[in-house]
$ cat query-v6.cif   # mmCIF, C-alpha atoms
data_final
loop_
_atom_site.group_PDB
_atom_site.id
_atom_site.type_symbol
_atom_site.label_atom_id
_atom_site.label_comp_id
_atom_site.auth_asym_id
_atom_site.auth_seq_id
_atom_site.Cartn_x
_atom_site.Cartn_y
_atom_site.Cartn_z
ATOM 1 C CA MET A 236 -14.466 -0.141 -9.782
ATOM 2 C CA ARG A 237 -10.901 0.871 -10.606
ATOM 3 C CA ALA A 238 -8.244 -1.697 -9.756
ATOM 4 C CA MET A 239 -4.862 -0.658 -8.375
ATOM 5 C CA CYS A 240 -1.804 -1.541 -10.444
ATOM 6 C CA GLU A 241 0.614 -3.528 -8.269
ATOM 7 C CA LYS A 242 4.366 -3.344 -8.860
ATOM 8 C CA VAL A 243 5.903 -6.829 -8.671
ATOM 9 C CA ILE A 244 9.607 -7.058 -7.788
ATOM 10 C CA PRO A 245 11.323 -10.460 -8.243
ATOM 11 C CA ASN A 246 13.077 -12.078 -5.283
ATOM 12 C CA THR A 247 16.818 -11.536 -4.922
ATOM 13 C CA ASN A 248 18.779 -13.536 -7.532
ATOM 14 C CA SER A 249 15.517 -14.635 -9.177
ATOM 15 C CA SER A 250 13.571 -13.719 -12.321
ATOM 16 C CA TRP A 251 10.204 -14.100 -10.580
ATOM 17 C CA ARG A 252 8.662 -13.656 -7.148
ATOM 18 C CA TYR A 253 7.596 -16.207 -4.554
ATOM 19 C CA CYS A 254 5.974 -15.173 -1.289
ATOM 20 C CA LYS A 255 4.157 -16.968 1.525
ATOM 21 C CA TYR A 256 1.601 -14.907 3.421
ATOM 22 C CA THR A 257 0.419 -15.859 6.913
ATOM 23 C CA LEU A 258 -2.682 -13.824 7.727
ATOM 24 C CA ASP A 259 -5.461 -13.522 10.284
ATOM 25 C CA TYR A 260 -7.794 -12.725 7.386
ATOM 26 C CA ILE A 261 -7.535 -11.695 3.732
ATOM 27 C CA PRO A 262 -8.566 -8.079 3.105
ATOM 28 C CA PHE A 263 -10.311 -6.911 -0.061
ATOM 29 C CA ASN A 264 -7.550 -5.547 -2.359
ATOM 30 C CA TRP A 265 -8.796 -5.227 -5.963
ATOM 31 C CA HIS A 266 -5.633 -5.031 -8.094
ATOM 32 C CA TYR A 267 -3.862 -6.233 -11.230
ATOM 33 C CA HIS A 268 -0.297 -6.527 -12.504
ATOM 34 C CA PRO A 269 1.422 -7.352 -15.825
ATOM 35 C CA ASP A 270 2.490 -10.760 -14.509
ATOM 36 C CA PHE A 271 1.101 -14.279 -14.354
ATOM 37 C CA GLU A 272 0.134 -15.338 -10.843
ATOM 38 C CA ILE A 273 -0.268 -18.758 -9.255
ATOM 39 C CA CYS A 274 -2.114 -18.580 -5.941
ATOM 40 C CA LEU A 275 -2.753 -21.385 -3.439
ATOM 41 C CA THR A 276 -4.966 -20.421 -0.485
ATOM 42 C CA LEU A 277 -5.042 -22.685 2.585
ATOM 43 C CA ASN A 278 -7.165 -22.839 5.762
ATOM 44 C CA SER A 279 -9.352 -20.027 4.472
ATOM 45 C CA GLN A 280 -12.835 -19.529 3.122
ATOM 46 C CA GLY A 281 -14.473 -16.454 1.700
ATOM 47 C CA VAL A 282 -15.205 -14.874 -1.653
ATOM 48 C CA CYS A 283 -12.862 -14.478 -4.620
ATOM 49 C CA HIS A 284 -13.249 -11.831 -7.332
ATOM 50 C CA ILE A 285 -11.432 -12.542 -10.621
ATOM 51 C CA GLY A 286 -12.372 -10.407 -13.604
ATOM 52 C CA ASP A 287 -16.169 -10.667 -13.741
ATOM 53 C CA TYR A 288 -16.178 -13.929 -11.736
ATOM 54 C CA ILE A 289 -17.392 -13.717 -8.128
ATOM 55 C CA ALA A 290 -17.848 -16.891 -6.079
ATOM 56 C CA PRO A 291 -17.112 -18.502 -2.708
ATOM 57 C CA TYR A 292 -13.809 -20.329 -2.239
ATOM 58 C CA GLY A 293 -12.656 -22.798 0.378
ATOM 59 C CA GLU A 294 -9.705 -24.917 1.489
ATOM 60 C CA LEU A 295 -7.034 -25.816 -1.087
ATOM 61 C CA ASP A 296 -7.982 -23.114 -3.579
ATOM 62 C CA LEU A 297 -5.464 -23.247 -6.466
ATOM 63 C CA VAL A 298 -5.739 -20.679 -9.265
ATOM 64 C CA ILE A 299 -3.564 -19.350 -12.100
ATOM 65 C CA LEU A 300 -4.218 -15.837 -13.417
ATOM 66 C CA GLY A 301 -3.065 -14.209 -16.641
ATOM 67 C CA ALA A 302 -1.429 -10.802 -16.914
ATOM 68 C CA ASP A 303 -3.547 -7.691 -16.221
ATOM 69 C CA LEU A 304 -6.496 -9.697 -14.870
ATOM 70 C CA PRO A 305 -7.877 -7.827 -11.824
ATOM 71 C CA HIS A 306 -8.459 -9.987 -8.767
ATOM 72 C CA THR A 307 -8.760 -10.243 -5.028
ATOM 73 C CA TRP A 308 -9.679 -12.773 -2.368
ATOM 74 C CA GLN A 309 -11.549 -11.720 0.758
ATOM 75 C CA SER A 310 -12.120 -13.578 4.017
ATOM 76 C CA SER A 311 -12.965 -13.087 7.693
ATOM 77 C CA PRO A 312 -10.893 -14.388 10.618
ATOM 78 C CA ASN A 313 -11.290 -18.104 11.300
ATOM 79 C CA ILE A 314 -13.545 -19.016 14.223
ATOM 80 C CA ASP A 315 -10.671 -20.866 15.929
ATOM 81 C CA ASN A 316 -8.301 -17.906 15.288
ATOM 82 C CA SER A 317 -5.999 -20.129 13.200
ATOM 83 C CA VAL A 318 -3.934 -18.406 10.528
ATOM 84 C CA GLN A 319 -4.762 -18.407 6.837
ATOM 85 C CA ILE A 320 -1.908 -19.178 4.443
ATOM 86 C CA VAL A 321 -1.438 -18.009 0.868
ATOM 87 C CA HIS A 322 1.407 -19.194 -1.380
ATOM 88 C CA VAL A 323 1.918 -16.839 -4.327
ATOM 89 C CA ALA A 324 4.149 -17.099 -7.402
ATOM 90 C CA GLN A 325 4.229 -14.030 -9.653
ATOM 91 C CA ILE A 326 5.949 -14.533 -12.992
ATOM 92 C CA PRO A 327 6.757 -11.676 -15.427
ATOM 93 C CA LYS A 328 4.888 -12.273 -18.677
ATOM 94 C CA LYS A 329 7.828 -11.290 -20.902
ATOM 95 C CA TRP A 330 10.302 -13.510 -19.058
ATOM 96 C CA LEU A 331 7.972 -16.509 -19.064
ATOM 97 C CA SER A 332 7.251 -16.059 -22.775
ATOM 98 C CA GLN A 333 11.000 -16.024 -23.437
ATOM 99 C CA GLN A 334 11.393 -19.287 -21.498
ATOM 100 C CA ILE A 335 8.646 -20.916 -23.559
ATOM 101 C CA THR A 336 9.999 -19.779 -26.928
ATOM 102 C CA SER A 337 13.637 -20.534 -26.050
ATOM 103 C CA HIS A 338 13.030 -24.094 -24.835
ATOM 104 C CA PRO A 339 11.012 -26.462 -27.056
ATOM 105 C CA GLU A 340 10.459 -28.653 -23.992
ATOM 106 C CA PHE A 341 8.250 -25.921 -22.514
ATOM 107 C CA ALA A 342 5.863 -25.803 -25.484
ATOM 108 C CA ILE A 343 3.541 -28.082 -23.535
ATOM 109 C CA LEU A 344 2.755 -25.107 -21.269
ATOM 110 C CA GLU A 345 1.486 -22.797 -24.027
ATOM 111 C CA GLU A 346 -2.148 -23.947 -23.852
ATOM 112 C CA LEU A 347 -2.213 -23.434 -20.078
ATOM 113 C CA LEU A 348 -0.873 -19.883 -20.321
ATOM 114 C CA ILE A 349 -3.340 -18.926 -23.055
ATOM 115 C CA ALA A 350 -6.267 -20.242 -21.006
ATOM 116 C CA ALA A 351 -4.945 -18.436 -17.904
ATOM 117 C CA ARG A 352 -5.951 -15.105 -19.453
ATOM 118 C CA GLN A 353 -9.415 -15.615 -17.943
ATOM 119 C CA GLY A 354 -8.177 -17.346 -14.791
ATOM 120 C CA LEU A 355 -8.259 -21.095 -14.117
ATOM 121 C CA LYS A 356 -9.199 -23.014 -10.961
ATOM 122 C CA PHE A 357 -7.870 -26.528 -10.329
ATOM 123 C CA SER A 358 -9.085 -29.653 -8.577
ATOM 124 C CA THR A 359 -8.410 -30.454 -4.928
ATOM 125 C CA LYS A 360 -6.175 -33.331 -6.058
ATOM 126 C CA THR A 361 -3.966 -30.967 -8.091
ATOM 127 C CA ALA A 362 -4.004 -28.406 -5.257
ATOM 128 C CA MET A 363 -2.751 -31.035 -2.786
ATOM 129 C CA ILE A 364 0.247 -31.805 -5.007
ATOM 130 C CA ALA A 365 0.821 -28.068 -5.595
ATOM 131 C CA LYS A 366 0.920 -27.592 -1.804
ATOM 132 C CA SER A 367 3.883 -29.953 -1.539
ATOM 133 C CA TYR A 368 5.620 -28.151 -4.430
ATOM 134 C CA PHE A 369 5.128 -24.755 -2.792
ATOM 135 C CA GLU A 370 6.424 -26.033 0.545
ATOM 136 C CA LYS A 371 9.614 -27.156 -1.195
ATOM 137 C CA ILE A 372 9.923 -23.849 -3.097
ATOM 138 C CA GLU A 373 9.650 -21.979 0.210
ATOM 139 C CA VAL A 374 12.868 -23.508 1.585
ATOM 140 C CA SER A 375 14.860 -23.822 -1.656
ATOM 141 C CA ASN A 376 17.587 -21.752 -3.284
ATOM 142 C CA PRO A 377 16.792 -19.754 -6.462
ATOM 143 C CA PHE A 378 17.876 -22.530 -8.839
ATOM 144 C CA GLU A 379 15.725 -25.142 -7.104
ATOM 145 C CA GLN A 380 12.855 -22.630 -6.990
ATOM 146 C CA TYR A 381 13.155 -22.193 -10.766
ATOM 147 C CA LEU A 382 12.805 -25.964 -11.226
ATOM 148 C CA GLY A 383 9.919 -26.028 -8.751
ATOM 149 C CA LEU A 384 8.081 -23.292 -10.645
ATOM 150 C CA PHE A 385 8.133 -25.244 -13.893
ATOM 151 C CA LYS A 386 7.121 -28.450 -12.112
ATOM 152 C CA LEU A 387 4.157 -26.475 -10.785
ATOM 153 C CA LEU A 388 3.245 -25.139 -14.227
ATOM 154 C CA TYR A 389 3.569 -28.617 -15.724
ATOM 155 C CA LEU A 390 1.342 -30.060 -12.993
ATOM 156 C CA MET A 391 -1.415 -27.563 -13.824
ATOM 157 C CA SER A 392 -1.027 -28.122 -17.559
ATOM 158 C CA GLN A 393 -1.834 -31.813 -17.031
ATOM 159 C CA GLU A 394 -5.273 -31.246 -15.491
ATOM 160 C CA ALA A 395 -7.843 -32.317 -18.080
ATOM 161 C CA VAL A 396 -10.508 -29.627 -17.646
ATOM 162 C CA PRO A 397 -9.671 -26.858 -15.172
ATOM 163 C CA GLN A 398 -12.513 -24.449 -14.405
ATOM 164 C CA GLN A 399 -12.426 -21.195 -16.391
ATOM 165 C CA LEU A 400 -13.279 -18.309 -14.098
ATOM 166 C CA SER A 401 -13.749 -14.920 -15.770
ATOM 167 C CA SER A 402 -15.829 -14.882 -18.955
ATOM 168 C CA ALA A 403 -14.071 -14.950 -22.334
ATOM 169 C CA SER A 404 -15.638 -11.580 -23.172
ATOM 170 C CA PHE A 405 -14.183 -9.854 -20.093
ATOM 171 C CA CYS A 406 -11.482 -7.307 -20.836
ATOM 172 C CA TYR A 407 -10.276 -4.893 -18.175
ATOM 173 C CA THR A 408 -9.773 -1.511 -19.826
ATOM 174 C CA ASN A 409 -9.934 0.824 -16.824
ATOM 175 C CA LYS A 410 -6.180 0.765 -16.227
ATOM 176 C CA THR A 411 -5.727 4.501 -15.867
ATOM 177 C CA ASP A 412 -3.994 4.903 -12.538
ATOM 178 C CA PRO A 413 -2.986 8.538 -11.971
ATOM 179 C CA ALA A 414 -0.366 7.529 -9.407
ATOM 180 C CA LYS A 415 1.292 4.815 -11.504
ATOM 181 C CA ASP A 416 3.565 6.979 -13.683
ATOM 182 C CA LYS A 417 4.994 9.054 -10.862
ATOM 183 C CA PHE A 418 5.392 5.977 -8.665
ATOM 184 C CA ASP A 419 7.266 4.199 -11.485
ATOM 185 C CA LYS A 420 9.610 7.199 -11.632
ATOM 186 C CA VAL A 421 10.279 6.873 -7.903
ATOM 187 C CA ILE A 422 11.028 3.140 -8.242
ATOM 188 C CA ASP A 423 13.348 3.827 -11.169
ATOM 189 C CA TYR A 424 15.129 6.511 -9.116
ATOM 190 C CA ILE A 425 15.588 4.066 -6.205
ATOM 191 C CA TYR A 426 17.072 1.457 -8.554
ATOM 192 C CA ARG A 427 19.595 4.016 -9.841
ATOM 193 C CA HIS A 428 20.506 5.482 -6.437
ATOM 194 C CA TYR A 429 19.897 2.780 -3.796
ATOM 195 C CA THR A 430 23.565 2.786 -2.736
ATOM 196 C CA GLU A 431 23.251 6.465 -1.816
ATOM 197 C CA GLY A 432 21.606 8.069 1.204
ATOM 198 C CA LEU A 433 17.940 8.041 0.177
ATOM 199 C CA SER A 434 15.306 9.604 2.406
ATOM 200 C CA ALA A 435 11.561 9.046 2.516
ATOM 201 C CA GLU A 436 11.019 12.810 2.436
ATOM 202 C CA GLN A 437 13.003 13.148 -0.802
ATOM 203 C CA LEU A 438 11.100 10.312 -2.491
ATOM 204 C CA ALA A 439 7.741 11.553 -1.195
ATOM 205 C CA ASN A 440 8.431 14.950 -2.781
ATOM 206 C CA MET A 441 9.140 13.240 -6.101
ATOM 207 C CA ALA A 442 5.747 11.507 -5.874
ATOM 208 C CA HIS A 443 4.018 14.740 -4.721
ATOM 209 C CA MET A 444 2.843 13.101 -1.501
ATOM 210 C CA SER A 445 3.218 13.725 2.189
ATOM 211 C CA THR A 446 5.810 11.488 3.840
ATOM 212 C CA ASN A 447 3.191 9.536 5.818
ATOM 213 C CA HIS A 448 1.013 9.021 2.743
ATOM 214 C CA PHE A 449 4.045 7.925 0.734
ATOM 215 C CA HIS A 450 4.997 5.284 3.343
ATOM 216 C CA ARG A 451 1.456 3.838 3.297
ATOM 217 C CA PHE A 452 1.218 4.031 -0.499
ATOM 218 C CA PHE A 453 4.634 2.389 -0.966
ATOM 219 C CA LYS A 454 3.847 -0.527 1.344
ATOM 220 C CA LYS A 455 0.481 -1.147 -0.331
ATOM 221 C CA ARG A 456 2.037 -1.139 -3.819
ATOM 222 C CA MET A 457 5.230 -3.040 -3.002
ATOM 223 C CA GLU A 458 4.034 -5.238 -0.121
ATOM 224 C CA ARG A 459 7.075 -4.205 1.910
ATOM 225 C CA THR A 460 8.281 -1.007 3.528
ATOM 226 C CA LEU A 461 10.602 1.450 1.811
ATOM 227 C CA THR A 462 13.448 0.447 4.140
ATOM 228 C CA GLU A 463 12.906 -3.269 3.449
ATOM 229 C CA PHE A 464 12.927 -2.645 -0.305
ATOM 230 C CA ILE A 465 16.133 -0.583 -0.272
ATOM 231 C CA ASN A 466 17.857 -3.119 1.991
ATOM 232 C CA GLN A 467 16.838 -5.933 -0.355
ATOM 233 C CA LEU A 468 18.473 -4.126 -3.287
ATOM 234 C CA ARG A 469 21.612 -3.353 -1.281
ATOM 235 C CA ILE A 470 22.029 -6.903 -0.001
ATOM 236 C CA GLY A 471 21.482 -8.258 -3.520
ATOM 237 C CA GLN A 472 24.307 -6.040 -4.777
ATOM 238 C CA ALA A 473 26.485 -7.080 -1.819
ATOM 239 C CA CYS A 474 26.009 -10.750 -2.742
ATOM 240 C CA LYS A 475 27.218 -10.022 -6.283
ATOM 241 C CA LEU A 476 30.315 -8.264 -4.957
ATOM 242 C CA LEU A 477 31.058 -11.059 -2.465
ATOM 243 C CA ILE A 478 30.800 -13.599 -5.283
ATOM 244 C CA ASN A 479 32.668 -11.699 -8.002
ATOM 245 C CA THR A 480 35.325 -9.694 -6.149
ATOM 246 C CA ASN A 481 37.861 -10.050 -3.346
ATOM 247 C CA ARG A 482 37.044 -6.678 -1.808
ATOM 248 C CA ALA A 483 37.037 -6.344 1.952
ATOM 249 C CA ILE A 484 33.638 -6.685 3.606
ATOM 250 C CA THR A 485 33.953 -3.173 5.046
ATOM 251 C CA ALA A 486 34.501 -1.809 1.529
ATOM 252 C CA ILE A 487 31.481 -3.728 0.178
ATOM 253 C CA SER A 488 29.391 -2.403 3.064
ATOM 254 C CA ASP A 489 30.313 1.180 2.151
ATOM 255 C CA GLN A 490 29.862 0.607 -1.580
ATOM 256 C CA CYS A 491 26.346 -0.779 -1.072
ATOM 257 C CA GLY A 492 25.174 2.197 0.958
ATOM 258 C CA PHE A 493 25.370 0.992 4.561
ATOM 259 C CA LYS A 494 26.535 3.519 7.139
ATOM 260 C CA ASN A 495 28.477 0.991 9.191
ATOM 261 C CA THR A 496 29.568 -2.637 8.986
ATOM 262 C CA SER A 497 27.517 -3.689 12.018
ATOM 263 C CA ASN A 498 24.303 -2.578 10.325
ATOM 264 C CA PHE A 499 25.402 -4.314 7.101
ATOM 265 C CA ASN A 500 26.099 -7.590 8.931
ATOM 266 C CA ARG A 501 22.768 -7.412 10.741
ATOM 267 C CA ARG A 502 20.743 -6.730 7.565
ATOM 268 C CA PHE A 503 22.646 -9.423 5.636
ATOM 269 C CA LEU A 504 21.941 -11.997 8.358
ATOM 270 C CA THR A 505 18.236 -11.086 8.389
ATOM 271 C CA LEU A 506 17.814 -11.466 4.630
ATOM 272 C CA LYS A 507 20.267 -14.272 3.819
ATOM 273 C CA GLY A 508 20.363 -16.267 7.048
ATOM 274 C CA THR A 509 24.133 -15.967 7.293
ATOM 275 C CA THR A 510 26.793 -13.274 7.743
ATOM 276 C CA PRO A 511 28.729 -11.819 4.787
ATOM 277 C CA SER A 512 31.951 -13.540 5.888
ATOM 278 C CA GLN A 513 30.190 -16.916 6.247
ATOM 279 C CA PHE A 514 28.536 -16.394 2.850
ATOM 280 C CA ARG A 515 31.934 -15.840 1.211
ATOM 281 C CA LYS A 516 33.532 -18.725 3.120
ATOM 282 C CA ARG A 517 30.857 -21.120 1.860
ATOM 283 C CA LEU A 518 31.461 -20.009 -1.717
ATOM 284 C CA LYS A 519 35.191 -20.679 -1.384
ATOM 285 C CA GLN A 520 34.545 -24.119 0.103
ATOM 286 C CA LYS A 521 32.230 -25.023 -2.792
ATOM 287 C CA SER A 522 34.815 -23.851 -5.351
ATOM 288 C CA LEU A 523 37.335 -26.273 -3.862
ATOM 289 C CA VAL A 524 35.051 -29.308 -4.179
#
$ encode --input "query-v6.cif" --output "structure tokens"
Amino acid sequence: MRAMCEKVIPNTNSSWRYCKYTLDYIPFNWHYHPDFEICLTLNSQGVCHIGDYIAPYGELDLVILGADLPHTWQSSPNIDNSVQIVHVAQIPKKWLSQQITSHPEFAILEELLIAARQGLKFSTKTAMIAKSYFEKIEVSNPFEQYLGLFKLLYLMSQEAVPQQLSSASFCYTNKTDPAKDKFDKVIDYIYRHYTEGLSAEQLANMAHMSTNHFHRFFKKRMERTLTEFINQLRIGQACKLLINTNRAITAISDQCGFKNTSNFNRRFLTLKGTTPSQFRKRLKQKSLV
């Protein structure tokens, strides 16, 4: 069965991606990506597929996966209709390797990352501690999240004998995804032109898809809608301009591709939890301390 290649985009102002999913059930979604992944599944039971490993999973399921290792979890709704929670950290392989080689203190993690190529499952005790780490990461700023990530990796590296999941002989070679190249071109185009007036129809034509198919395809690959993705890029750029320049907020709104300041303020508040003017005011207050 061919796995879909997922495109992982780091969080704003971060080198890696953290996400918390709250779901009624976990659908089957066989995929891979060129990133390490740490996954903690809570209040859920079902079947996990990792490489050639297939087995039931239950509460407090903590796993680390190496790059390009296909995987999915699958569950049904809980009998009591309670939500299932999944904490996910996705870390670019190249970036993490650079961290390890640049900091001798991180050498202790090398054995863990090598073993993660086949996937590793950890004890309930380790998963309980990881749960508290993830809960702190969820509400932290990017710097504190960075520290939390390496605390999490260190925690897993200290488990004596984690369970290896996929067999050592497993190697996923069926990575030919006919849509990947043209989708990568679309993503690259968005990165170069996100401050301009992009339309779904224009991007769908580039990918040789209908507009409706493109919207569905984009959300499945990126785990967010096209509008959410473009707004994330624009707000990230706005933060840089608010930090590094004294330009008026109306000028920054225009420069980042928003049609009016009201829309800019609303999107900024949604993504950052504060308005652009409050964001800048806080920065000035901190600089005076």
$ residues_around --input "query-v6.cif" --residues "Glu272 (chain A)" --least-positions-apart "3" --cutoff "6 Å" --atoms "all atoms listed in the file" --output "PDB file with C-alpha atoms, in the frame of the given file"
ATOM      1  CA  ILE A 299      -3.564 -19.350 -12.100  1.00  0.00           C
ATOM      2  CA  LEU A 300      -4.218 -15.837 -13.417  1.00  0.00           C
ATOM      3  CA  ALA A 324       4.149 -17.099  -7.402  1.00  0.00           C
ATOM      4  CA  GLN A 325       4.229 -14.030  -9.653  1.00  0.00           C
TER       5      GLN A 325
END
$ closest_atom_pairs --input "query-v6.cif" --of "region 288-336 of chain A" --to "region 353-368 of chain A" --cutoff "8 Å" --atoms "all atoms listed in the file" --output "tab-separated table"
residue	atom	partner	partner_atom	distance
A:Leu295	CA	A:Ala362	CA	5.8
A:Asp296	CA	A:Ala362	CA	6.8
A:Leu297	CA	A:Ala362	CA	5.5
A:Val298	CA	A:Lys356	CA	4.5
A:Ile299	CA	A:Leu355	CA	5.4
A:Leu300	CA	A:Gly354	CA	4.5
A:Gly301	CA	A:Gly354	CA	6.3
A:Leu304	CA	A:Gln353	CA	7.3
$ closest_atom_pairs --input "query-v6.cif" --of "region 409-486 of chain A" --to "region 492-512 of chain A" --cutoff "10 Å" --atoms "all atoms listed in the file" --output "tab-separated table"
residue	atom	partner	partner_atom	distance
A:His428	CA	A:Gly492	CA	9.3
A:Tyr429	CA	A:Gly492	CA	7.1
A:Thr430	CA	A:Gly492	CA	4.1
A:Glu431	CA	A:Gly492	CA	5.4
A:Gly432	CA	A:Gly492	CA	6.9
A:Leu433	CA	A:Gly492	CA	9.3
A:Glu463	CA	A:Arg502	CA	9.5
A:Ile465	CA	A:Gly492	CA	9.5
A:Asn466	CA	A:Arg502	CA	7.2
A:Gln467	CA	A:Leu506	CA	7.5
A:Arg469	CA	A:Gly492	CA	7.0
A:Ile470	CA	A:Phe503	CA	6.2
A:Gly471	CA	A:Phe503	CA	9.3
A:Ala473	CA	A:Pro511	CA	8.4
A:Cys474	CA	A:Pro511	CA	8.1
A:Leu477	CA	A:Pro511	CA	7.7
A:Ala483	CA	A:Ser512	CA	9.7
A:Ile484	CA	A:Pro511	CA	7.2
A:Thr485	CA	A:Thr496	CA	5.9
A:Ala486	CA	A:Thr496	CA	9.0
$ resolve_selection --input "query-v6.cif" --expression "the PyMOL selection byres ((chain A and resi 316) around 12)" --output "ChimeraX atom specification"
/A:258-260,278-279,311-315,317-319
$ residues_near_point --input "query-v6.cif" --point "(22.4, -12.7, -6.2)" --cutoff "8 Å" --atoms "all atoms listed in the file" --output "PyMOL selection string"
chain A and resi 247-249+471-472+474-475
$ resolve_selection --input "query-v6.cif" --expression "the PyMOL selection byres ((chain A and resi 371) around 12)" --output "JSON list (two decimals) with C-alpha atoms, keeping the file's coordinate frame"
[["chain", "number", "residue", "atom", "x", "y", "z"],
["A", 253, "TYR", "CA", 7.60, -16.21, -4.55],
["A", 255, "LYS", "CA", 4.16, -16.97, 1.52],
["A", 322, "HIS", "CA", 1.41, -19.19, -1.38],
["A", 364, "ILE", "CA", 0.25, -31.80, -5.01],
["A", 365, "ALA", "CA", 0.82, -28.07, -5.60],
["A", 366, "LYS", "CA", 0.92, -27.59, -1.80],
["A", 367, "SER", "CA", 3.88, -29.95, -1.54],
["A", 368, "TYR", "CA", 5.62, -28.15, -4.43],
["A", 369, "PHE", "CA", 5.13, -24.76, -2.79],
["A", 370, "GLU", "CA", 6.42, -26.03, 0.55],
["A", 372, "ILE", "CA", 9.92, -23.85, -3.10],
["A", 373, "GLU", "CA", 9.65, -21.98, 0.21],
["A", 374, "VAL", "CA", 12.87, -23.51, 1.58],
["A", 375, "SER", "CA", 14.86, -23.82, -1.66],
["A", 376, "ASN", "CA", 17.59, -21.75, -3.28],
["A", 377, "PRO", "CA", 16.79, -19.75, -6.46],
["A", 379, "GLU", "CA", 15.72, -25.14, -7.10],
["A", 380, "GLN", "CA", 12.86, -22.63, -6.99],
["A", 381, "TYR", "CA", 13.16, -22.19, -10.77],
["A", 382, "LEU", "CA", 12.80, -25.96, -11.23],
["A", 383, "GLY", "CA", 9.92, -26.03, -8.75],
["A", 384, "LEU", "CA", 8.08, -23.29, -10.64],
["A", 386, "LYS", "CA", 7.12, -28.45, -12.11],
["A", 387, "LEU", "CA", 4.16, -26.48, -10.78]]
$ atom_distance --input "query-v6.cif" --atom1 "CA of Cys274 (chain A)" --atom2 "CA of Tyr426 (chain A)"
27.9 Å
$ closest_residue --input "query-v6.cif" --among "A:Met239, A:Ile289, A:Val396, A:Ile261" --to "Leu347 (chain A)" --atoms "all atoms listed in the file"
A:Val396
$ closest_residue --input "query-v6.cif" --among "A:Ala442, A:Met457, A:Ile320, A:Ile285" --to "Thr307 (chain A)" --atoms "all atoms listed in the file"
A:Ile285
$ resolve_selection --input "query-v6.cif" --expression "the PyMOL selection byres ((chain A and resi 303) around 6)" --output "PDB file with C-alpha atoms, in the frame of the given file"
ATOM      1  CA  TYR A 267      -3.862  -6.233 -11.230  1.00  0.00           C
ATOM      2  CA  HIS A 268      -0.297  -6.527 -12.504  1.00  0.00           C
ATOM      3  CA  PRO A 269       1.422  -7.352 -15.825  1.00  0.00           C
ATOM      4  CA  ALA A 302      -1.429 -10.802 -16.914  1.00  0.00           C
ATOM      5  CA  LEU A 304      -6.496  -9.697 -14.870  1.00  0.00           C
TER       6      LEU A 304
END
$ atom_distance --input "query-v6.cif" --atom1 "CA of Tyr389 (chain A)" --atom2 "CA of Gln334 (chain A)"
13.5 Å
$ closest_residue --input "query-v6.cif" --among "A:Gly286, A:Trp330, A:Phe418, A:Asp423" --to "Phe405 (chain A)" --atoms "only C-alpha atoms"
A:Gly286
$ closest_residue --input "query-v6.cif" --among "A:Arg427, A:Phe263, A:Cys254, A:Lys417" --to "Asn440 (chain A)" --atoms "all atoms listed in the file"
A:Lys417
$ closest_residue --input "query-v6.cif" --among "A:Tyr292, A:Trp265, A:Phe271, A:Phe378" --to "Leu348 (chain A)" --atoms "only C-alpha atoms"
A:Phe271
$ closest_residue --input "query-v6.cif" --among "A:Ser401, A:Ser434, A:Trp251, A:Ile478" --to "Phe385 (chain A)" --atoms "all atoms listed in the file"
A:Trp251
$ axis_aligned_box --input "query-v6.cif" --around "region 264-267 of chain A" --padding-each-side "6 Å" --output "JSON"
{"center_x": -6.3, "center_y": -5.6, "center_z": -6.8, "size_x": 16.9, "size_y": 13.2, "size_z": 20.9}
